[in-house]
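Below you'll find the structure, written out as structure tokens, and then a few comments.
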Amino acid sequence: MIEKTDLTYEKTVLVGLITKDQNEDKLDEYLDELEFLTYTAGGEVIKRFTQKVDMPNPKTFIGTGKMEQVREFVHENDIGVVIFDDELSPAQQKNIEKILNCKILDRTNLILDIFAQRAKTSYARTQVELAQYEYLLPRLAGMWTHLERQRGGIGMRGPGETEIETDRRIVRDKISLLKKKLETIDKQMEVQRGNRGQLVRVALVGYTNVGKSTLMNVISKSDVFAENKLFATLDTTVRKVVIRNLPFLLTDTVGFIRKLPTQLVESFKSTLDEVREADLLLHVVDISHPNFEDHIESVNQTLAEIKVLNKPTLMVFNKIDNYKAEPLEKDDLETERTPAHYSLAEWERTWMNRMGERVLFISALKKENMKDFRKKVYETVREIHITRFPYNNFLYPEYDAYGEEE
Ligand SMILES: Nc1nc2c(ncn2[C@@H]2O[C@H](COP(=O)(O)OP(=O)(O)OP(=O)(O)O)[C@@H](O)[C@H]2O)c(=O)[nH]1
Ligand SMILES: [Mg+2]
């Protein structure tokens, strides 16, 4: 299927809720991210609507009065799409569509759309298609999709079976078909991975748009697609990298994002196998992003969900060239000093306290501190290598034994 909503130049409105779990600042952050996602999908955000409620309205997500405001705005400004920051129930989706009379998407929907636009290889497309059907399945109730045409055949529908049940069955069949297809490719890939021999495997992980592909390009001198949009990378790329004379495999992977249902993450299982099978993770963080600590948290959560726990990890804080602490005047005694005011040196100390030596502060773009980066990666990979193959440790001396050149 691979359905794509064409958002090109489409005028868009965002809607989010302020609730007890999500204060105004948090919502602002989420909507900033949603706006970036919309831009990535090709849309342009004209306005945001927010509402403070205890609970989302079960019928229309936002209240009646607010909905009327949105309806007027949509009507007067020729808005093509309204995007909700949270997942809508099928009933909500249907009701809202009726009222607003334009395209209605939720966050998951939008992300899936971007995935669909970006999936290039047949493997990535199959994964996206699987994710789309997984998303569709619980939503079939109340939605008459006429999927049965695709299946056809007399006698396919049992007596008394409703259309929805038929649709469900078709979607389930499709899901198991796609899973089988992925399994077959997986087996081939496993063989390929097996052929990679006894090299230590390192995987770049991190939130989307933090600079994983840029870093990959810098260290492997390869040409992986990197750009300032979300989910530039959907396929994994593996490169052999040699630092000094120590070879290892480096994998670039799909970026993580918060509020992505686990079941969708699972659709990318095979891509994530690279992460599961890695000996070392480089967790890349965009330290210039105001919410980078939340990003770390949500990456760790996804790692836990896919059962990648306690793997050796280096924290790589990237984009130091772009980091700006919030200014705080010396004589300002009123404002409380928070981590937002930390200098880079303070962040470095904070993370060293938490993680010991396993932290790095770099700029992949400006190639700052790359020497440090190479050294630390070399030493960590070397350690893994000689633990595994103790008999050839003589091959790889301490990094500094090479002297200063390079
Ligand atoms: N200022 C600055 N920008 C950077 C740095 N590293 C990467 N970028 C920019 O950040 C954007 C995202 O970079 P990517 O390498 O595509 O990020 P990614 O983590 O691979 O993103 P996804 O594949 O979308 O998850 C690009 O515009 C890069 O030029 C850096 O050190 N400093
Ligand atoms: Mg990338």
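Identifiers in the structure tokens: chain A, B, ... in order shown; residue index from 1 per chain; ligand index from 1 in order shown.
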Could you give me the residues within segment 14-144 of chain A that DSSP places in strand (DSSP E or B), as a ChimeraX atom specification? /A:14-19,22,44-52,57,61,81-84,103-106
DSSP on the backbone, alpha helix (DSSP H) only: what residues of segment 55-140 of chain A does that give? Format it as JSON, numbers by chain. {"A": [64, 65, 66, 67, 68, 69, 70, 71, 72, 73, 74, 75, 76, 77, 90, 91, 92, 93, 94, 95, 96, 97, 98, 99, 100, 107, 108, 109, 110, 111, 112, 113, 114, 115, 116, 117, 118, 122, 123, 124, 125, 126, 127, 128, 129, 130, 131, 132, 133, 134, 135, 136]}
For the residues in that selection, give me C-alpha atoms as a CSV table (one decimal), in the first residue's frame.
chain,number,residue,atom,x,y,z
A,64,THR,CA,-16.9,22.3,21.5
A,65,GLY,CA,-16.1,26.1,21.8
A,66,LYS,CA,-12.5,25.5,20.8
A,67,MET,CA,-13.5,23.3,17.9
A,68,GLU,CA,-15.7,26.1,16.6
A,69,GLN,CA,-12.7,28.5,16.7
A,70,VAL,CA,-10.6,25.9,14.8
A,71,ARG,CA,-13.5,25.4,12.3
A,72,GLU,CA,-13.7,29.1,11.6
A,73,PHE,CA,-10.0,29.5,11.2
A,74,VAL,CA,-9.8,26.5,8.8
A,75,HIS,CA,-12.6,27.8,6.8
A,76,GLU,CA,-11.4,31.4,6.5
A,77,ASN,CA,-7.8,30.5,5.8
A,90,PRO,CA,-11.1,6.3,15.4
A,91,ALA,CA,-14.3,7.8,16.6
A,92,GLN,CA,-12.6,11.1,17.4
A,93,GLN,CA,-11.0,11.2,14.0
A,94,LYS,CA,-14.3,10.6,12.3
A,95,ASN,CA,-16.2,13.2,14.3
A,96,ILE,CA,-13.5,15.8,13.8
A,97,GLU,CA,-13.3,15.1,10.1
A,98,LYS,CA,-17.1,15.7,9.8
A,99,ILE,CA,-16.8,19.1,11.7
A,100,LEU,CA,-13.7,20.5,10.1
A,107,ARG,CA,1.3,12.6,15.4
A,108,THR,CA,1.8,8.9,14.6
A,109,ASN,CA,0.0,9.3,11.3
A,110,LEU,CA,2.4,12.1,10.4
A,111,ILE,CA,5.5,10.2,11.3
A,112,LEU,CA,4.3,7.2,9.3
A,113,ASP,CA,3.7,9.6,6.4
A,114,ILE,CA,7.3,10.9,6.6
A,115,PHE,CA,8.5,7.3,6.8
A,116,ALA,CA,6.5,6.5,3.7
A,117,GLN,CA,8.0,9.4,1.8
A,118,ARG,CA,11.5,8.5,2.8
A,122,SER,CA,12.2,-2.3,-0.8
A,123,TYR,CA,13.2,-3.4,2.7
A,124,ALA,CA,12.4,0.0,4.3
A,125,ARG,CA,9.2,0.2,2.3
A,126,THR,CA,8.1,-3.2,3.6
A,127,GLN,CA,8.8,-2.1,7.1
A,128,VAL,CA,6.8,1.1,6.7
A,129,GLU,CA,3.9,-0.7,5.1
A,130,LEU,CA,3.8,-3.1,8.0
A,131,ALA,CA,3.8,-0.2,10.4
A,132,GLN,CA,1.0,1.4,8.5
A,133,TYR,CA,-1.2,-1.7,8.7
A,134,GLU,CA,-0.4,-2.1,12.4
A,135,TYR,CA,-1.6,1.4,12.9
A,136,LEU,CA,-4.7,0.8,10.8
Using atom CA of Glu379 of chain A and atom 6 (N, counted along the ligand's line) of ligand 1 as the two end points, give the distance in Å to one decimal.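 One can read the atom CA of Glu379 of chain A to atom 6 (N, counted along the ligand's line) of ligand 1 distance as 23.0 Å.
Nearest-residue note for ligand 2: choosing from A:Lys187, A:Lys180, A:Lys212, A:Lys11, the minimum distance belongs to A:Lys212, counting only C-alpha atoms and all ligand atoms.
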Show which residues sit within 8 Å of His283 of chain A, as an NGL selection string. Count only C-alpha atoms, and ignore same-chain residues fewer than 3 positions away. :A and (204-206 or 313-316)
Just the selected residues (C-alpha atoms), exported as an mmCIF file, in the first residue's frame, please.
data_model
loop_
_atom_site.group_PDB
_atom_site.id
_atom_site.type_symbol
_atom_site.label_atom_id
_atom_site.label_comp_id
_atom_site.auth_asym_id
_atom_site.auth_seq_id
_atom_site.Cartn_x
_atom_site.Cartn_y
_atom_site.Cartn_z
ATOM 1 C CA LEU A 204 25.212 5.060 16.162
ATOM 2 C CA VAL A 205 21.932 5.600 17.995
ATOM 3 C CA GLY A 206 20.086 8.708 19.071
ATOM 4 C CA THR A 313 27.820 2.994 25.512
ATOM 5 C CA LEU A 314 29.694 6.191 24.791
ATOM 6 C CA MET A 315 27.613 9.347 25.136
ATOM 7 C CA VAL A 316 28.528 11.636 22.249
#
Which one is closest to Asp167 of chain A: A:Val191, A:Leu360, A:Pro138, A:Leu260? Count only C-alpha atoms. A:Pro138
Choose the residue, out of A:Thr253, A:Asn101, A:Gln192, A:Thr184, that has the smallest atom-to-atom separation from ligand 1; count only C-alpha atoms and all ligand atoms.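 With only C-alpha atoms and all ligand atoms as the atom set, the closest residue is A:Thr253.
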Which polymer residues have any atom within 12 Å of an atom of Glu33 of chain A, counting only C-alpha atoms, with same-chain residues fewer than 2 positions away left out, as a PyMOL selection string? chain A and resi 14+16+26-31+35-40+45+85+107+110-111+207-209+229-230+257-259+289-291+295
Only C-alpha atoms, please: the residues just picked out, written as an mmCIF file, in the first residue's frame.
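As a result, part.cif now contains:
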data_model
loop_
_atom_site.group_PDB
_atom_site.id
_atom_site.type_symbol
_atom_site.label_atom_id
_atom_site.label_comp_id
_atom_site.auth_asym_id
_atom_site.auth_seq_id
_atom_site.Cartn_x
_atom_site.Cartn_y
_atom_site.Cartn_z
ATOM 1 C CA LEU A 14 -1.614 22.193 14.913
ATOM 2 C CA GLY A 16 -2.430 20.262 21.380
ATOM 3 C CA LYS A 26 6.050 20.860 27.599
ATOM 4 C CA LEU A 27 3.255 21.372 25.107
ATOM 5 C CA ASP A 28 5.251 24.154 23.442
ATOM 6 C CA GLU A 29 8.169 21.775 23.051
ATOM 7 C CA TYR A 30 5.953 19.054 21.629
ATOM 8 C CA LEU A 31 4.342 21.466 19.207
ATOM 9 C CA GLU A 35 5.895 21.718 13.504
ATOM 10 C CA PHE A 36 9.303 20.395 12.477
ATOM 11 C CA LEU A 37 7.710 17.066 11.576
ATOM 12 C CA THR A 38 5.086 18.898 9.506
ATOM 13 C CA TYR A 39 7.784 20.857 7.736
ATOM 14 C CA THR A 40 9.645 17.622 7.065
ATOM 15 C CA VAL A 45 2.170 25.546 9.907
ATOM 16 C CA ASP A 85 -0.229 16.110 18.777
ATOM 17 C CA ARG A 107 1.319 12.584 15.380
ATOM 18 C CA LEU A 110 2.354 12.145 10.385
ATOM 19 C CA ILE A 111 5.462 10.197 11.338
ATOM 20 C CA TYR A 207 17.121 10.983 18.679
ATOM 21 C CA THR A 208 16.283 12.058 15.163
ATOM 22 C CA ASN A 209 18.280 14.949 13.638
ATOM 23 C CA LYS A 229 14.879 17.318 8.526
ATOM 24 C CA LEU A 230 13.576 14.562 10.730
ATOM 25 C CA ILE A 257 11.392 10.045 18.533
ATOM 26 C CA ARG A 258 9.106 10.299 21.537
ATOM 27 C CA LYS A 259 5.460 9.321 21.572
ATOM 28 C CA HIS A 289 18.674 21.382 21.532
ATOM 29 C CA PRO A 290 16.926 22.867 24.580
ATOM 30 C CA ASN A 291 15.341 19.520 25.415
ATOM 31 C CA HIS A 295 15.702 13.195 24.163
#
Rank nothing, just name the residue among A:Glu326, A:Glu297, A:Asp252, A:Glu334 nearest to ligand 2, using only C-alpha atoms and all ligand atoms. A:Asp252
Expressed in Å to a single decimal, how great is the separation between atom CA of Ala345 of chain A and atom CA of Asp332 of chain A?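 One can read the atom CA of Ala345 of chain A to atom CA of Asp332 of chain A distance as 21.4 Å.
Using only C-alpha atoms, the smallest distance between any of A:Glu336, A:Tyr378, A:Asn318, A:Ala203 and Phe361 of chain A comes from A:Asn318.
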Select, from A:Ile170, A:Val377, A:Ile219, A:Cys102, the residue with the minimum atom-to-atom distance to Leu280 of chain A, counting only C-alpha atoms. A:Val377
May I ask for the distance between atom CA of Asp279 of chain A and atom CA of Val359 of chain A, given in Å to one decimal place?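 Atom-to-atom, atom CA of Asp279 of chain A to atom CA of Val359 of chain A, that is 17.0 Å.
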At a cut-off of 8 Å, using only C-alpha atoms, what residues contact Ile46 of chain A? Leave out same-chain residues fewer than 2 positions from it and give the result as number ranges by chain. A: 11-13, 44, 48
Would you output that residue set with N, CA and C atoms, as a PDB file, in the first residue's frame?
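And here is the file that came out, out_3.pdb:
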ATOM      1  N   LYS A  11      -1.345  24.174   3.734  1.00  0.00           N
ATOM      2  CA  LYS A  11      -1.430  25.012   4.934  1.00  0.00           C
ATOM      3  C   LYS A  11      -1.976  24.171   6.084  1.00  0.00           C
ATOM      4  N   THR A  12      -1.274  24.250   7.216  1.00  0.00           N
ATOM      5  CA  THR A  12      -1.546  23.327   8.311  1.00  0.00           C
ATOM      6  C   THR A  12      -1.787  24.042   9.630  1.00  0.00           C
ATOM      7  N   VAL A  13      -2.649  23.459  10.435  1.00  0.00           N
ATOM      8  CA  VAL A  13      -2.900  23.959  11.782  1.00  0.00           C
ATOM      9  C   VAL A  13      -2.567  22.841  12.773  1.00  0.00           C
ATOM     10  N   GLU A  44       3.162  23.497   5.845  1.00  0.00           N
ATOM     11  CA  GLU A  44       3.545  24.766   6.455  1.00  0.00           C
ATOM     12  C   GLU A  44       2.552  25.093   7.563  1.00  0.00           C
ATOM     13  N   ARG A  48      -1.247  27.565  15.708  1.00  0.00           N
ATOM     14  CA  ARG A  48      -1.397  26.496  16.704  1.00  0.00           C
ATOM     15  C   ARG A  48      -2.603  26.799  17.579  1.00  0.00           C
TER      16      ARG A  48
END
